[in-house]
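> Structure provided below as structure tokens; questions to follow.
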Amino acid sequence: MAFLLGTPLAVPAMVCAASAVVSAASAVAAYWPARSARAKQLEAEEAAKKMETLLQMAILVALSKTSDAEDSAERAQNHLEELLRASAEATRRAEEARLAVERKWFEGVRPECRPSDEDISRMKAQYHYNPGFIHIAVVGSAGAGKSSFINAVRGLSRTDPVAAPTGIVETTNTVTRYADPHQDSRMVWYDVPGSGTPKVPDWQYFNDMGLYIFDCIIVLTDNRVLDSDLAVLRACKQFKNIEAFIVRSKSDQHINNMVCERMPQGFDPSDPDMNAETRALFLLTKLEERQRFIDETSQNVQMHLERESLLPKKVYVICMDAMLATVHKMRSTKAIDEADLLNDVRGFVLGRLQNGC
């Protein structure tokens, strides 16, 4: 019977066994001699009662074990259900994360990842990184005017023999290093190929260009803020040693386009025979559109930064002619934020040098 204990068959088996013991005791008493029949009967009944007591105890133990087993089974079932629910939730979250990553890849934004020490050493060697200088990378979409910007901040026209080549299409195929021609300057400028081209897809722009080794990154835009621009700014946030500036280029072209849209049909801003009334209207409209362009540019950039959980940043609105004039300490009617940008960049460079780079 031992093998039945703890199973559903234990209780009926033990009840049958108890009944059998009592019956056996009565049968034994019937066959004993009459002179000792009463004494023997009492002994048999006592033994039967003891056996019955033992069997009842065994039944209680079996019932207890059965109850414990049922409780354990219920707890195990509940635990299994919890595990299944947790597994389903984890699967759902993993699928959402996978879809989010795929969506970013299709949109041209690669999930940021940190480079290894070997990557950093390799890129510093490739770009001739010198700890005694401040290395500034100019990045942005293809055609944003990165090469023209580097020429202007160095005080060079595009016809200068040491100027960076410029053009309507992307002219930079590899990261190009340019020394600053100003005496005692500790700045080195880098012209980085534009993102969003077949040669440099957005999702690999920051890491494959080795932007993580630079001290400062200037993100140049000439129209709207692109996902690739935001990807660079997000990555700069991960690297605490990188200072980032946002610059809106070609302001003169955009403002002129906005003005011409408001002027009478057939208006030509370069017309030498423009009458005084038309000129006054033109100058007033240009002043209004200039401020509207500045405000809308800042609002648009801040909206995109907030969407990406990035802190607000100043947007420097510039044009290349005004930047070149500012570098040479000349006045320009096109100037907006050129002087502020130069002062802030130089202030950053000085502070970084004072802190030992």
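Just so we're on the same page: first chain in the structure tokens is A, next is B, and so on; residues restart at 1 for each chain, and ligands are numbered from 1 in the order they show up.
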Would you please give, as a PyMOL selection string, all residues of range 204-317 of chain A that DSSP assigns to helix (DSSP H, G or I) based on the backbone?
chain A and resi 204-208+211-213+227-238+251-262+276-307
> Please compute the CA of Arg292 in chain A-CA of Arg248 in chain A distance, one decimal, in Å.
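These two atoms are separated by 14.1 Å.
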> Do you know which residues are at most 12 Å from Asp321 in chain A counting only C-alpha atoms, after dropping those on the same chain fewer than 5 positions away, and could you put them as number ranges by chain?
A: 148-149, 151-153, 155-158, 249-253, 326-328, 330-336, 338
> Considering only C-alpha atoms, can you say which of A:Asn223, A:Gln265, A:Asn207, A:Gln238 comes closest to Ser116 in chain A?
A:Asn207
> In Å, rounded to a single decimal, give me how far CA of Pro193 in chain A is from CA of Phe206 in chain A.
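Computed distance, CA of Phe206 in chain A to CA of Pro193 in chain A, equals 10.9 Å.
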> Show me, as a PyMOL selection string, the residues that have an atom within 12 Å of range 179-186 of chain A when counting only C-alpha atoms, minus same-chain residues fewer than 4 positions from it.
chain A and resi 128-136+150-156+160+162-164+190-191+327-328+346+348-350+352-354+357
> Please write the residues from the selection above to a file, keeping N, CA and C atoms, as a short mmCIF file (atom, residue, chain, number, x, y, z; two decimals), in the first residue's frame.

data_model
loop_
_atom_site.label_atom_id
_atom_site.label_comp_id
_atom_site.auth_asym_id
_atom_site.auth_seq_id
_atom_site.Cartn_x
_atom_site.Cartn_y
_atom_site.Cartn_z
N HIS A 128 45.21 62.71 -38.52
CA HIS A 128 46.38 63.45 -37.99
C HIS A 128 45.97 64.32 -36.79
N TYR A 129 45.29 63.70 -35.87
CA TYR A 129 44.83 64.40 -34.66
C TYR A 129 46.03 64.78 -33.81
N ASN A 130 46.10 66.06 -33.43
CA ASN A 130 47.19 66.58 -32.61
C ASN A 130 46.61 67.11 -31.31
N PRO A 131 46.99 66.55 -30.16
CA PRO A 131 46.41 66.97 -28.88
C PRO A 131 46.59 68.45 -28.58
N GLY A 132 47.55 69.10 -29.21
CA GLY A 132 47.78 70.52 -28.95
C GLY A 132 46.90 71.45 -29.76
N PHE A 133 45.99 70.90 -30.57
CA PHE A 133 45.13 71.72 -31.42
C PHE A 133 43.66 71.34 -31.17
N ILE A 134 42.77 72.21 -31.63
CA ILE A 134 41.34 71.96 -31.56
C ILE A 134 40.86 71.59 -32.96
N HIS A 135 40.25 70.43 -33.07
CA HIS A 135 39.86 69.88 -34.37
C HIS A 135 38.36 70.08 -34.55
N ILE A 136 38.00 70.80 -35.62
CA ILE A 136 36.61 71.20 -35.87
C ILE A 136 36.13 70.58 -37.17
N ILE A 150 34.01 76.66 -44.76
CA ILE A 150 35.38 76.50 -44.28
C ILE A 150 36.29 77.56 -44.92
N ASN A 151 36.06 77.86 -46.18
CA ASN A 151 36.84 78.93 -46.82
C ASN A 151 36.57 80.28 -46.16
N ALA A 152 35.30 80.56 -45.89
CA ALA A 152 34.93 81.86 -45.33
C ALA A 152 35.49 82.05 -43.92
N VAL A 153 35.38 81.04 -43.05
CA VAL A 153 35.87 81.21 -41.67
C VAL A 153 37.39 81.28 -41.64
N ARG A 154 38.04 80.82 -42.69
CA ARG A 154 39.50 80.94 -42.76
C ARG A 154 39.91 82.22 -43.49
N GLY A 155 38.91 83.01 -43.93
CA GLY A 155 39.20 84.27 -44.60
C GLY A 155 39.63 84.12 -46.03
N LEU A 156 39.22 83.03 -46.69
CA LEU A 156 39.65 82.76 -48.06
C LEU A 156 38.49 82.83 -49.03
N ASP A 160 41.06 81.33 -53.97
CA ASP A 160 42.36 81.26 -53.32
C ASP A 160 43.01 79.91 -53.60
N VAL A 162 44.68 77.91 -51.82
CA VAL A 162 44.57 76.90 -50.76
C VAL A 162 43.13 76.73 -50.28
N ALA A 163 42.18 77.29 -51.06
CA ALA A 163 40.77 77.18 -50.67
C ALA A 163 40.26 75.76 -50.92
N ALA A 164 39.26 75.38 -50.15
CA ALA A 164 38.61 74.08 -50.38
C ALA A 164 37.78 74.17 -51.65
N TYR A 190 38.01 70.57 -40.71
CA TYR A 190 37.83 69.34 -41.49
C TYR A 190 36.54 69.44 -42.30
N ASP A 191 36.69 69.25 -43.60
CA ASP A 191 35.55 69.25 -44.52
C ASP A 191 35.10 67.79 -44.67
N VAL A 327 35.19 88.05 -40.96
CA VAL A 327 36.54 87.57 -40.65
C VAL A 327 37.57 88.66 -40.94
N HIS A 328 37.34 89.41 -42.01
CA HIS A 328 38.26 90.48 -42.38
C HIS A 328 37.91 91.82 -41.70
N ARG A 346 35.55 80.77 -31.13
CA ARG A 346 36.85 81.14 -30.58
C ARG A 346 36.86 81.04 -29.05
N PHE A 348 35.08 78.92 -27.29
CA PHE A 348 35.18 77.49 -26.98
C PHE A 348 36.61 77.00 -27.15
N VAL A 349 37.26 77.38 -28.24
CA VAL A 349 38.63 76.95 -28.51
C VAL A 349 39.56 77.41 -27.40
N LEU A 350 39.43 78.66 -27.00
CA LEU A 350 40.28 79.19 -25.94
C LEU A 350 40.07 78.44 -24.63
N ARG A 352 38.91 75.41 -24.20
CA ARG A 352 39.39 74.01 -24.30
C ARG A 352 40.93 73.97 -24.21
N LEU A 353 41.60 74.93 -24.84
CA LEU A 353 43.05 74.97 -24.77
C LEU A 353 43.54 75.27 -23.36
N GLN A 354 42.85 76.15 -22.67
CA GLN A 354 43.23 76.48 -21.29
C GLN A 354 43.05 75.28 -20.35
N CYS A 357 43.08 70.97 -23.57
CA CYS A 357 42.41 70.23 -24.66
C CYS A 357 41.57 69.08 -24.12
#
> Which residues are near Met258 in chain A? Cut-off 12 Å, only C-alpha atoms, ignore same chain within fewer than 4 positions. Put them as a list in words.
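Near neighbours after the sequence-gap exclusion: Ser251, Asp252, Gln253, His254, Arg262, Met263, Phe282, Thr285, Lys286, Leu287, Glu288, Glu289, Arg290, Gln291, Arg292 and Phe293 of chain A.
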> Go ahead and dump the residues you just picked, C-alpha atoms, as a JSON list (two decimals), in the first residue's frame.

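Resulting contents of out.json:
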[["chain", "number", "residue", "atom", "x", "y", "z"],
["A", 251, "SER", "CA", 20.48, 83.17, -45.42],
["A", 252, "ASP", "CA", 20.82, 85.85, -48.10],
["A", 253, "GLN", "CA", 19.41, 83.57, -50.79],
["A", 254, "HIS", "CA", 16.47, 82.44, -48.66],
["A", 262, "ARG", "CA", 5.84, 89.40, -51.66],
["A", 263, "MET", "CA", 6.86, 92.04, -54.21],
["A", 282, "PHE", "CA", 11.59, 96.54, -51.18],
["A", 285, "THR", "CA", 9.73, 94.03, -47.06],
["A", 286, "LYS", "CA", 13.30, 92.77, -46.82],
["A", 287, "LEU", "CA", 13.56, 93.93, -43.22],
["A", 288, "GLU", "CA", 10.31, 92.13, -42.33],
["A", 289, "GLU", "CA", 11.20, 88.94, -44.18],
["A", 290, "ARG", "CA", 14.67, 88.94, -42.66],
["A", 291, "GLN", "CA", 13.21, 88.87, -39.15],
["A", 292, "ARG", "CA", 10.60, 86.29, -40.15],
["A", 293, "PHE", "CA", 13.30, 84.06, -41.58]]
> Please measure the separation of CA of Trp189 in chain A and CA of Ala137 in chain A, giving the value in Å to one decimal.
6.0 Å
